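Novice: Below is the file my_file02.cif, with mmCIF, C-alpha atoms and all ligand atoms.
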```cif
data_query
#
loop_
_atom_site.label_atom_id
_atom_site.label_comp_id
_atom_site.auth_asym_id
_atom_site.auth_seq_id
_atom_site.Cartn_x
_atom_site.Cartn_y
_atom_site.Cartn_z
CA MET H 1 201.78 13.04 117.16
CA THR H 2 201.46 16.85 117.42
CA ASP H 3 203.61 16.89 120.57
CA GLU H 4 206.30 14.82 118.90
CA ILE H 5 206.41 17.14 115.87
CA LEU H 6 206.63 20.19 118.12
CA ARG H 7 209.35 18.59 120.25
CA LYS H 8 211.45 17.98 117.14
CA ASP H 9 210.60 21.43 115.79
CA ARG H 10 211.83 23.08 118.99
CA LYS H 11 214.95 20.96 118.98
CA TYR H 12 216.02 21.15 115.33
CA LEU H 13 214.38 24.05 113.50
CA TRP H 14 214.99 27.73 113.03
CA HIS H 15 211.99 29.52 111.47
CA PRO H 16 212.07 32.57 109.18
CA PHE H 17 211.12 36.00 110.55
CA THR H 18 210.51 34.44 113.98
CA GLN H 19 211.83 35.28 117.45
CA SER H 20 211.59 31.91 119.18
CA LYS H 21 212.00 33.47 122.63
CA VAL H 22 208.61 35.20 122.45
CA SER H 23 206.73 33.21 119.83
CA LYS H 24 204.21 30.55 120.65
CA ASP H 25 204.75 27.08 119.24
CA PRO H 26 204.05 26.96 115.50
CA ILE H 27 200.83 25.35 114.31
CA VAL H 28 201.31 21.90 112.83
CA ILE H 29 199.56 21.96 109.47
CA GLU H 30 198.66 18.56 108.11
CA SER H 31 196.83 19.32 104.91
CA ALA H 32 195.20 22.03 102.84
CA LYS H 33 192.50 22.38 100.21
CA GLY H 34 191.27 25.45 98.36
CA GLU H 35 191.46 28.45 100.69
CA LYS H 36 191.69 26.29 103.82
CA LEU H 37 194.53 24.92 105.95
CA PHE H 38 193.91 22.06 108.40
CA ASP H 39 196.00 21.48 111.53
CA SER H 40 196.83 18.31 113.43
CA GLU H 41 194.32 19.17 116.17
CA GLY H 42 191.32 19.29 113.84
CA ASN H 43 191.19 23.09 113.45
CA GLU H 44 190.83 24.83 110.11
CA TYR H 45 192.07 28.24 109.00
CA ILE H 46 191.11 30.41 106.04
CA ASP H 47 194.32 31.40 104.34
CA LEU H 48 193.65 35.11 103.94
CA ILE H 49 197.22 35.95 102.91
CA SER H 50 197.73 33.17 100.34
CA SER H 51 200.56 31.66 102.44
CA TRP H 52 202.93 34.62 102.01
CA TRP H 53 201.29 35.88 98.85
CA ILE H 54 201.93 32.92 96.59
CA ASN H 55 198.82 30.80 96.45
CA THR H 56 196.63 31.80 93.52
CA HIS H 57 194.19 29.02 92.65
CA GLY H 58 193.90 27.47 96.10
CA HIS H 59 195.86 24.79 97.90
CA CYS H 60 196.32 21.31 96.41
CA ARG H 61 194.59 21.90 93.07
CA ASP H 62 194.20 18.58 91.27
CA GLU H 63 195.35 19.92 87.89
CA MET H 64 198.55 21.19 89.45
CA ILE H 65 199.16 18.00 91.42
CA ASN H 66 198.79 16.06 88.16
CA SER H 67 201.27 18.26 86.34
CA VAL H 68 203.83 17.73 89.13
CA PHE H 69 203.24 13.97 89.06
CA LYS H 70 203.36 13.63 85.26
CA GLN H 71 206.49 15.72 84.87
CA SER H 72 208.27 14.07 87.82
CA LYS H 73 207.89 10.66 86.16
CA LYS H 74 209.43 11.93 82.93
CA LEU H 75 212.22 14.32 83.91
CA GLU H 76 212.64 15.68 87.41
CA GLN H 77 215.77 17.79 86.92
CA VAL H 78 218.60 18.44 84.51
CA LEU H 79 221.31 21.07 84.59
CA PHE H 80 220.26 24.07 82.52
CA ALA H 81 223.65 24.95 81.03
CA GLY H 82 224.00 23.09 77.74
CA PHE H 83 220.57 21.43 78.12
CA THR H 84 217.00 22.52 77.66
CA HIS H 85 213.52 20.95 77.87
CA LYS H 86 209.93 21.45 76.80
CA PRO H 87 208.52 22.78 80.10
CA ALA H 88 211.17 25.54 80.18
CA VAL H 89 210.71 26.66 76.57
CA ASP H 90 206.91 26.49 76.79
CA LEU H 91 206.87 28.49 80.00
CA ALA H 92 209.33 31.06 78.65
CA GLN H 93 207.18 31.47 75.54
CA LYS H 94 204.05 31.91 77.65
CA LEU H 95 205.74 34.47 79.92
CA ILE H 96 206.93 36.46 76.90
CA GLN H 97 203.36 36.42 75.57
CA ILE H 98 201.77 37.74 78.76
CA THR H 99 204.36 40.25 80.03
CA PRO H 100 204.85 43.72 78.44
CA LYS H 101 205.70 43.33 74.78
CA GLY H 102 209.25 44.73 74.93
CA LEU H 103 210.34 41.94 77.29
CA LYS H 104 211.87 39.13 75.25
CA ARG H 105 214.28 36.95 77.26
CA VAL H 106 213.65 34.83 80.34
CA PHE H 107 216.33 33.87 82.88
CA PHE H 108 215.07 31.31 85.39
CA SER H 109 216.09 31.02 89.03
CA ASP H 110 214.32 29.89 92.18
CA ASN H 111 213.03 32.65 94.48
CA GLY H 112 212.16 36.32 94.56
CA SER H 113 215.48 37.46 96.04
CA THR H 114 217.49 35.68 93.35
CA SER H 115 215.28 37.12 90.62
CA VAL H 116 216.12 40.59 91.99
CA GLU H 117 219.80 39.77 92.41
CA ILE H 118 219.92 38.68 88.76
CA ALA H 119 218.18 41.87 87.60
CA MET H 120 220.72 43.98 89.52
CA LYS H 121 223.76 42.03 88.33
CA VAL H 122 222.57 42.14 84.72
CA ALA H 123 221.99 45.91 85.00
CA ILE H 124 225.58 46.45 86.23
CA GLN H 125 227.08 44.11 83.65
CA TYR H 126 225.02 45.70 80.87
CA TRP H 127 226.96 48.93 81.43
CA PHE H 128 230.24 47.03 81.93
CA ASN H 129 229.77 45.25 78.59
CA ARG H 130 229.24 48.64 76.96
CA GLY H 131 232.49 49.89 78.48
CA GLU H 132 230.84 52.05 81.14
CA LYS H 133 231.01 51.89 84.92
CA LYS H 134 227.60 52.40 86.48
CA ASN H 135 226.82 50.52 89.64
CA LYS H 136 224.47 52.55 91.81
CA PHE H 137 220.76 51.87 92.19
CA VAL H 138 217.78 54.07 92.91
CA ALA H 139 214.91 52.59 94.88
CA LEU H 140 211.76 53.68 96.66
CA ARG H 141 211.90 54.31 100.39
CA GLY H 142 210.21 51.53 102.36
CA GLY H 143 210.52 49.03 99.50
CA TYR H 144 211.42 45.39 100.05
CA HIS H 145 213.17 43.24 97.45
CA GLY H 146 214.40 40.18 99.36
CA ASP H 147 217.10 39.07 101.75
CA THR H 148 220.23 38.59 99.65
CA PHE H 149 222.89 41.31 99.76
CA GLY H 150 222.01 43.11 96.52
CA ALA H 151 218.30 42.98 97.36
CA MET H 152 219.01 44.24 100.89
CA SER H 153 221.00 47.19 99.54
CA VAL H 154 217.97 48.47 97.60
CA GLY H 155 215.61 47.57 100.44
CA ARG H 156 217.75 48.99 103.23
CA THR H 157 215.00 51.41 104.32
CA SER H 158 212.54 48.54 104.90
CA GLY H 159 213.79 48.29 108.48
CA PHE H 160 214.84 44.63 108.39
CA TYR H 161 218.60 44.88 107.90
CA GLU H 162 220.25 46.92 110.64
CA PRO H 163 223.03 44.39 111.45
CA PHE H 164 224.13 44.44 107.81
CA HIS H 165 224.03 48.17 107.06
CA GLU H 166 227.78 48.59 106.82
CA MET H 167 228.02 45.73 104.36
CA LEU H 168 225.41 47.09 101.98
CA ASN H 169 226.21 49.01 98.81
CA GLU H 170 225.09 52.58 98.81
CA SER H 171 221.75 53.13 97.07
CA LEU H 172 219.70 56.27 96.55
CA PHE H 173 216.14 56.48 97.82
CA ILE H 174 213.10 58.49 96.84
CA SER H 175 209.88 58.93 98.80
CA PHE H 176 206.90 56.70 98.16
CA PRO H 177 203.74 58.86 98.00
CA ASP H 178 201.18 56.39 99.24
CA ILE H 179 197.45 56.74 98.81
CA TRP H 180 194.71 55.97 101.26
CA THR H 181 191.17 57.14 101.77
CA GLY H 182 191.25 60.70 103.07
CA ASN H 183 194.93 61.44 102.34
CA ASN H 184 195.01 65.16 101.59
CA GLN H 185 198.81 65.36 101.31
CA LEU H 186 199.02 63.19 98.23
CA GLN H 187 199.65 65.86 95.62
CA LYS H 188 202.32 67.48 97.79
CA ASN H 189 203.97 64.09 98.42
CA GLU H 190 203.98 63.18 94.74
CA ILE H 191 205.58 66.50 93.78
CA LYS H 192 208.22 66.01 96.50
CA ALA H 193 209.02 62.50 95.21
CA ILE H 194 209.34 63.68 91.62
CA ASP H 195 211.63 66.53 92.75
CA GLU H 196 213.81 63.98 94.52
CA VAL H 197 213.97 61.88 91.34
CA LYS H 198 215.02 64.88 89.27
CA LYS H 199 217.70 65.85 91.78
CA ILE H 200 219.13 62.33 91.88
CA ILE H 201 219.23 62.14 88.11
CA LYS H 202 220.88 65.56 87.86
CA ASN H 203 223.60 64.71 90.42
CA GLU H 204 224.18 60.99 89.94
CA ARG H 205 223.12 60.09 86.41
CA GLU H 206 226.60 58.99 85.29
CA GLN H 207 226.77 56.38 88.06
CA LEU H 208 223.22 55.06 87.97
CA ALA H 209 222.86 51.49 86.75
CA ALA H 210 219.10 51.23 87.27
CA VAL H 211 216.05 52.08 89.29
CA ILE H 212 214.26 49.19 90.98
CA LEU H 213 210.74 49.42 92.37
CA GLU H 214 207.70 47.45 93.37
CA PRO H 215 205.17 48.85 90.91
CA LEU H 216 201.98 50.23 92.54
CA VAL H 217 202.23 48.27 95.81
CA GLN H 218 204.99 48.01 98.40
CA GLY H 219 204.27 44.62 100.00
CA ALA H 220 206.46 43.92 103.02
CA GLY H 221 206.83 47.68 103.49
CA GLY H 222 203.22 47.67 104.73
CA MET H 223 200.95 47.17 101.68
CA ARG H 224 201.42 50.78 100.64
CA ILE H 225 199.90 51.75 97.31
CA CYS H 226 200.75 54.60 94.93
CA ARG H 227 198.79 56.03 92.02
CA LYS H 228 199.34 54.58 88.56
CA GLU H 229 199.78 58.13 87.21
CA PHE H 230 202.68 58.63 89.62
CA LEU H 231 204.25 55.33 88.56
CA LEU H 232 203.94 56.32 84.90
CA GLN H 233 205.57 59.68 85.50
CA LEU H 234 208.41 58.05 87.41
CA VAL H 235 209.11 55.47 84.72
CA LYS H 236 209.00 58.12 81.97
CA ILE H 237 211.57 60.29 83.75
CA PHE H 238 213.99 57.40 84.29
CA LYS H 239 213.60 56.12 80.75
CA GLU H 240 214.13 59.55 79.25
CA ALA H 241 217.35 59.78 81.30
CA GLY H 242 218.51 56.44 79.82
CA ILE H 243 218.37 54.62 83.16
CA ILE H 244 217.34 50.96 83.23
CA VAL H 245 213.94 50.42 84.87
CA ILE H 246 213.44 47.22 86.89
CA PHE H 247 209.94 46.25 88.02
CA ASP H 248 210.01 43.87 90.96
CA GLU H 249 206.65 42.15 90.42
CA VAL H 250 207.50 39.28 92.76
CA MET H 251 204.43 40.14 94.85
CA THR H 252 202.28 42.14 92.41
CA GLY H 253 202.51 39.61 89.56
CA PHE H 254 199.84 37.17 88.41
CA GLY H 255 196.63 39.03 89.12
CA ARG H 256 197.24 40.47 92.59
CA THR H 257 196.55 44.05 91.53
CA GLY H 258 193.51 43.20 89.40
CA LYS H 259 195.51 42.95 86.17
CA MET H 260 197.97 40.20 85.31
CA PHE H 261 200.88 42.52 86.15
CA ALA H 262 201.04 45.96 87.75
CA ALA H 263 202.95 46.98 84.61
CA ASP H 264 199.69 46.55 82.68
CA PHE H 265 198.29 49.67 84.36
CA ILE H 266 200.66 52.02 82.54
CA ASP H 267 201.78 52.68 78.95
CA GLU H 268 205.51 52.71 79.67
CA GLU H 269 207.33 49.38 79.98
CA PRO H 270 210.13 48.28 82.30
CA ASP H 271 213.41 47.00 80.81
CA ILE H 272 213.54 44.17 83.34
CA MET H 273 210.81 42.40 85.30
CA CYS H 274 211.25 40.07 88.31
CA LEU H 275 208.71 37.32 88.94
CA ALA H 276 208.51 34.57 91.58
CA LYS H 277 205.96 33.78 94.34
CA SER H 278 202.72 33.10 92.36
CA LEU H 279 204.59 31.99 89.24
CA THR H 280 203.90 28.36 90.16
CA GLY H 281 200.63 29.17 91.92
CA GLY H 282 202.40 28.43 95.19
CA PHE H 283 203.47 24.86 94.47
CA ILE H 284 207.22 24.81 93.92
CA PRO H 285 209.91 27.51 94.12
CA LEU H 286 210.62 29.10 90.76
CA ALA H 287 211.53 32.61 89.64
CA ALA H 288 212.03 34.38 86.36
CA THR H 289 213.80 37.60 85.49
CA ILE H 290 212.69 38.84 82.09
CA PHE H 291 214.69 41.23 79.93
CA SER H 292 214.23 43.46 76.92
CA GLU H 293 216.28 42.56 73.86
CA LYS H 294 218.20 45.84 74.24
CA ILE H 295 219.63 44.50 77.52
CA HIS H 296 220.10 40.92 76.37
CA LYS H 297 221.97 41.77 73.18
CA GLU H 298 224.82 43.40 75.13
CA PHE H 299 225.63 39.92 76.47
CA VAL H 300 225.81 38.19 73.08
CA ALA H 301 229.45 38.44 71.97
CA THR H 302 232.54 36.47 71.06
CA ASP H 303 234.32 38.16 73.96
CA LEU H 304 233.72 35.66 76.79
CA LYS H 305 234.01 38.42 79.38
CA LYS H 306 230.59 39.61 78.22
CA THR H 307 228.91 36.34 79.26
CA PHE H 308 226.52 36.46 82.21
CA LEU H 309 228.41 34.01 84.45
CA HIS H 310 225.57 33.35 86.83
CA GLY H 311 223.33 30.35 87.47
CA HIS H 312 221.48 28.39 90.11
CA THR H 313 221.52 24.61 90.45
CA PHE H 314 217.74 24.40 90.12
CA SER H 315 217.40 26.97 87.31
CA ALA H 316 214.33 26.10 85.19
CA ASN H 317 213.55 22.93 87.11
CA PRO H 318 211.22 20.97 84.77
CA VAL H 319 208.68 20.10 87.48
CA ALA H 320 208.48 23.72 88.59
CA CYS H 321 208.11 24.92 84.97
CA SER H 322 205.31 22.37 84.37
CA VAL H 323 203.34 23.43 87.39
CA ALA H 324 203.81 27.11 86.45
CA LEU H 325 202.30 26.32 83.03
CA SER H 326 199.45 24.53 84.72
CA SER H 327 198.85 27.54 86.97
CA LEU H 328 198.74 29.87 83.96
CA GLN H 329 196.26 27.57 82.19
CA LEU H 330 193.99 27.73 85.23
CA PHE H 331 193.65 31.50 84.79
CA GLU H 332 191.67 30.76 81.62
CA LYS H 333 189.91 27.61 82.77
CA ASP H 334 188.69 29.17 86.03
CA ASN H 335 187.95 32.59 84.57
CA THR H 336 190.19 33.81 87.39
CA PHE H 337 189.81 37.51 86.64
CA LYS H 338 186.08 37.23 87.31
CA LYS H 339 186.94 35.82 90.75
CA ILE H 340 189.44 38.61 91.28
CA LYS H 341 186.66 41.14 90.58
CA MET H 342 184.42 39.40 93.10
CA ILE H 343 187.18 39.66 95.74
CA SER H 344 187.67 43.38 94.97
CA LYS H 345 183.94 44.01 95.36
CA ILE H 346 183.84 42.32 98.75
CA HIS H 347 186.99 44.18 99.85
CA SER H 348 185.37 47.53 98.96
CA LYS H 349 182.15 46.75 100.79
CA PHE H 350 183.80 45.64 104.02
CA LEU H 351 186.53 48.27 104.04
CA LEU H 352 183.68 50.77 104.14
CA GLU H 353 182.30 48.95 107.18
CA LEU H 354 185.73 48.92 108.82
CA SER H 355 186.11 52.64 108.27
CA LYS H 356 183.42 53.14 110.95
CA ASN H 357 185.85 51.86 113.59
CA PRO H 358 187.67 54.93 115.03
CA SER H 359 190.84 52.85 115.54
CA VAL H 360 191.04 52.06 111.82
CA SER H 361 192.71 54.44 109.37
CA LYS H 362 194.60 54.64 106.06
CA ILE H 363 192.21 52.34 104.23
CA ARG H 364 193.56 51.27 100.85
CA MET H 365 193.01 48.57 98.27
CA ILE H 366 193.90 47.43 94.79
CA GLY H 367 192.70 44.26 93.06
CA THR H 368 192.81 41.43 95.60
CA ILE H 369 194.84 43.40 98.16
CA ALA H 370 193.02 45.26 100.95
CA ALA H 371 194.83 46.96 103.84
CA PHE H 372 194.29 49.37 106.70
CA ASP H 373 196.09 50.50 109.84
CA TYR H 374 194.80 49.61 113.29
CA HIS H 375 195.87 51.98 116.04
CA LYS H 376 195.32 49.74 119.02
CA VAL H 377 198.56 47.89 118.23
CA SER H 378 202.05 49.34 117.96
CA ASN H 379 203.53 49.95 114.55
CA VAL H 380 206.66 47.91 115.31
CA TYR H 381 207.29 44.77 113.30
CA GLY H 382 206.85 41.68 115.49
CA SER H 383 205.64 43.65 118.55
CA THR H 384 203.90 41.68 121.29
CA GLU H 385 200.58 43.39 120.50
CA SER H 386 200.90 42.52 116.84
CA LEU H 387 201.68 38.87 117.76
CA LEU H 388 198.64 38.79 120.06
CA LEU H 389 196.42 40.10 117.31
CA ARG H 390 197.76 37.47 114.91
CA GLN H 391 197.03 34.85 117.58
CA LYS H 392 193.48 36.15 118.03
CA PHE H 393 192.86 35.85 114.29
CA LEU H 394 194.19 32.28 114.32
CA GLU H 395 191.94 31.37 117.25
CA ASN H 396 189.10 32.57 115.06
CA GLY H 397 190.15 30.36 112.15
CA MET H 398 191.88 33.01 110.04
CA LEU H 399 195.47 33.17 108.85
CA LEU H 400 196.36 36.88 108.88
CA ARG H 401 199.81 38.35 109.59
CA PRO H 402 199.70 42.07 110.39
CA ILE H 403 202.81 44.01 109.38
CA GLY H 404 203.30 46.29 112.40
CA ASN H 405 199.87 47.85 112.75
CA THR H 406 198.85 47.21 109.15
CA ILE H 407 196.26 44.50 108.72
CA TYR H 408 195.89 43.25 105.17
CA LEU H 409 194.01 40.59 103.25
CA MET H 410 195.27 38.95 100.08
CA PRO H 411 193.34 35.70 99.71
CA PRO H 412 193.77 32.97 97.11
CA TYR H 413 191.54 33.68 94.10
CA CYS H 414 189.53 30.51 94.74
CA ILE H 415 188.13 31.83 98.02
CA SER H 416 184.35 31.52 98.19
CA GLU H 417 182.26 34.66 98.61
CA ILE H 418 180.81 33.28 101.79
CA ASN H 419 184.19 32.55 103.40
CA LEU H 420 185.56 35.96 102.54
CA LYS H 421 182.46 37.72 103.87
CA LYS H 422 182.45 35.63 107.06
CA SER H 423 186.13 36.43 107.59
CA TYR H 424 185.47 40.14 107.30
CA GLU H 425 182.58 39.88 109.76
CA LYS H 426 184.90 38.18 112.26
CA ILE H 427 187.66 40.74 111.70
CA ILE H 428 185.24 43.59 112.31
CA GLU H 429 184.05 41.92 115.52
CA ILE H 430 187.57 41.23 116.80
CA LEU H 431 188.75 44.78 116.14
CA GLN H 432 185.79 46.21 118.00
C1 LIG H 501 208.47 42.55 96.11
C2 LIG H 501 209.30 41.41 96.61
N1 LIG H 501 210.49 41.15 96.05
C3 LIG H 501 211.26 40.14 96.46
C4 LIG H 501 210.87 39.32 97.48
C5 LIG H 501 211.75 38.19 97.93
O1 LIG H 501 211.19 36.98 97.54
P1 LIG H 501 211.65 35.61 98.24
O2 LIG H 501 211.11 35.65 99.62
O3 LIG H 501 211.01 34.55 97.38
O4 LIG H 501 213.14 35.57 98.18
C6 LIG H 501 209.64 39.54 98.11
C7 LIG H 501 209.20 38.69 99.22
O5 LIG H 501 208.29 38.97 99.95
C8 LIG H 501 208.83 40.61 97.66
O6 LIG H 501 207.64 40.87 98.22
#
```
As a first step, turn the structure in this file into structure tokens.
Ligand SMILES: Cc1ncc(COP(=O)(O)O)c(C=O)c1O

Specialist:
Amino acid sequence: MTDEILRKDRKYLWHPFTQSKVSKDPIVIESAKGEKLFDSEGNEYIDLISSWWINTHGHCRDEMINSVFKQSKKLEQVLFAGFTHKPAVDLAQKLIQITPKGLKRVFFSDNGSTSVEIAMKVAIQYWFNRGEKKNKFVALRGGYHGDTFGAMSVGRTSGFYEPFHEMLNESLFISFPDIWTGNNQLQKNEIKAIDEVKKIIKNEREQLAAVILEPLVQGAGGMRICRKEFLLQLVKIFKEAGIIVIFDEVMTGFGRTGKMFAADFIDEEPDIMCLAKSLTGGFIPLAATIFSEKIHKEFVATDLKKTFLHGHTFSANPVACSVALSSLQLFEKDNTFKKIKMISKIHSKFLLELSKNPSVSKIRMIGTIAAFDYHKVSNVYGSTESLLLRQKFLENGMLLRPIGNTIYLMPPYCISEINLKKSYEKIIEILQ
């Protein structure tokens, strides 16, 4: 059975972020439960990265399965222009209740990149509808916002897009002053970044549509974390200059940073927030871009040119909205934030242990995210050494995917204390 699946896989499939020439055959996963994945050969793996940062309450949660089943029997899909339904309005209401209070309007789509694309298009059209031409974006160096063209243009420094550089719109980038244990350049780096911001605003203000950033943590850029005080200062400066602030919380949303959203760490609010990944707890693709009323009201007009002429076939899919609601209910039912605290505590304890390894540096963590650099592998994305390390972790029953030489853990919140501790013990052993 496994051989047949792999034969067909080799023949027909093209996998994301994968160089088939050097990669080993993929693992055939047959089932999953909680924090575990089970393959067709009888092996199990602890999912320490929540299957690309989406799984919150564990795999195959019964409550979520039931919500998919119940909703699928009633209404599986309807176009969302001229129609609406209870799962969409209930989910929109819930999102408005839990996101920063100035955010009032939800636009649904189906993945993180589209949620970003929508934020960027709305920002440009906001100015257009007001009779102004502003179409440049500011972003943080090393940030990642997805793989569509708009998202690539503000993530161009992430290192993933060289073949497309000439096709990307020009964006302006500021440094990301990341924190880690023992970083004595932080203050200097923060001052430099703020100076860059001020310079950009001084020179380019009239053309700036918005600033887009991953608040507190740059995910694909290597799990780099900045201080909340820096984030606050940044947002204040942009808001005072009248520039739209977009928070891409596609990765940081839904408890990852220890609060429901990274935005909850600061007193200033974004004008636009992008959500996807954990929105449905990892069950079904769904994304939401949420707007302040100030932005939305520029699109409400008798002049049809002011309409946001944008939509995706699966916008607000009822099954996806139902399972997202179910996921949000589980936060209360499971007392998820208590689990998140438990994960943070274990991260802290074992990061301290790891710091004794001379090949480990730049230790950092926030909420359920722990990361460090490991100098025995090269810092090149997809390098052979990095692939070998990934393989070694898999052989030891752990799903981990180093980014270059950054090893990070971001487990589902359901992970048991014992499985997280055992995983750390194995990681420490392997790295020694
Ligand atoms: C911060 C951030 N924004 C956007 C995206 C793109 O999301 P998707 O892969 O669902 O298109 C990602 C994906 O990793 C992300 O981490």

Novice: Just want the 12 Å neighbourhood of Ala316 in chain H, counted on only C-alpha atoms, with same-chain residues fewer than 2 positions away dropped. Output as JSON, numbers by chain.

Specialist: {"H": [76, 77, 78, 79, 80, 81, 83, 84, 85, 86, 87, 88, 89, 90, 91, 92, 106, 107, 108, 109, 110, 111, 280, 284, 285, 286, 287, 288, 289, 311, 312, 313, 314, 318, 319, 320, 321, 322, 323, 324]}

Novice: Skip range 230-246 of chain H itself and residues of its chain fewer than 2 positions away, then list as a count of residues only all residues within 7 Å of it, counting all atoms listed in the file.

Specialist: 19

Novice: Dump as a ChimeraX atom specification all residues having an atom at most 8 Å from (187.7, 33.5, 96.6), computed in the file's coordinates with all atoms listed in the file.

Specialist: /H:35,339-340,342-343,411-417,419-420

Novice: Within 7 Å of ligand LIG 501 (chain H), counting only C-alpha atoms and all ligand atoms: which residues, as a ChimeraX atom specification?

Specialist: /H:111-114,116,144-147,214,218-220,248-251,276-277

Novice: Grab the residues selected above and save them as a PDB file, keeping the file's coordinate frame with C-alpha atoms.

Specialist:
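As a result, part16.pdb now contains:
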```pdb
ATOM      1  CA  ASN H 111     213.030  32.650  94.480  1.00  0.00           C
ATOM      2  CA  GLY H 112     212.160  36.320  94.560  1.00  0.00           C
ATOM      3  CA  SER H 113     215.480  37.460  96.040  1.00  0.00           C
ATOM      4  CA  THR H 114     217.490  35.680  93.350  1.00  0.00           C
ATOM      5  CA  VAL H 116     216.120  40.590  91.990  1.00  0.00           C
ATOM      6  CA  TYR H 144     211.420  45.390 100.050  1.00  0.00           C
ATOM      7  CA  HIS H 145     213.170  43.240  97.450  1.00  0.00           C
ATOM      8  CA  GLY H 146     214.400  40.180  99.360  1.00  0.00           C
ATOM      9  CA  ASP H 147     217.100  39.070 101.750  1.00  0.00           C
ATOM     10  CA  GLU H 214     207.700  47.450  93.370  1.00  0.00           C
ATOM     11  CA  GLN H 218     204.990  48.010  98.400  1.00  0.00           C
ATOM     12  CA  GLY H 219     204.270  44.620 100.000  1.00  0.00           C
ATOM     13  CA  ALA H 220     206.460  43.920 103.020  1.00  0.00           C
ATOM     14  CA  ASP H 248     210.010  43.870  90.960  1.00  0.00           C
ATOM     15  CA  GLU H 249     206.650  42.150  90.420  1.00  0.00           C
ATOM     16  CA  VAL H 250     207.500  39.280  92.760  1.00  0.00           C
ATOM     17  CA  MET H 251     204.430  40.140  94.850  1.00  0.00           C
ATOM     18  CA  ALA H 276     208.510  34.570  91.580  1.00  0.00           C
ATOM     19  CA  LYS H 277     205.960  33.780  94.340  1.00  0.00           C
TER      20      LYS H 277
END
```

Novice: Give me, please, the distance in Å between CA of Thr252 in chain H and CA of Val217 in chain H, quoted to one decimal.

Specialist: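 So the two atoms, CA of Thr252 in chain H and CA of Val217 in chain H, lie 7.0 Å apart.
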
Novice: Within 12 Å of Arg390 in chain H, counting only C-alpha atoms, which residues show up once you throw out same-chain ones fewer than 6 positions away? Write them as a PyMOL selection string, please.

Specialist: chain H and resi 23-24+48+377+382-384+396-408+427+430-431
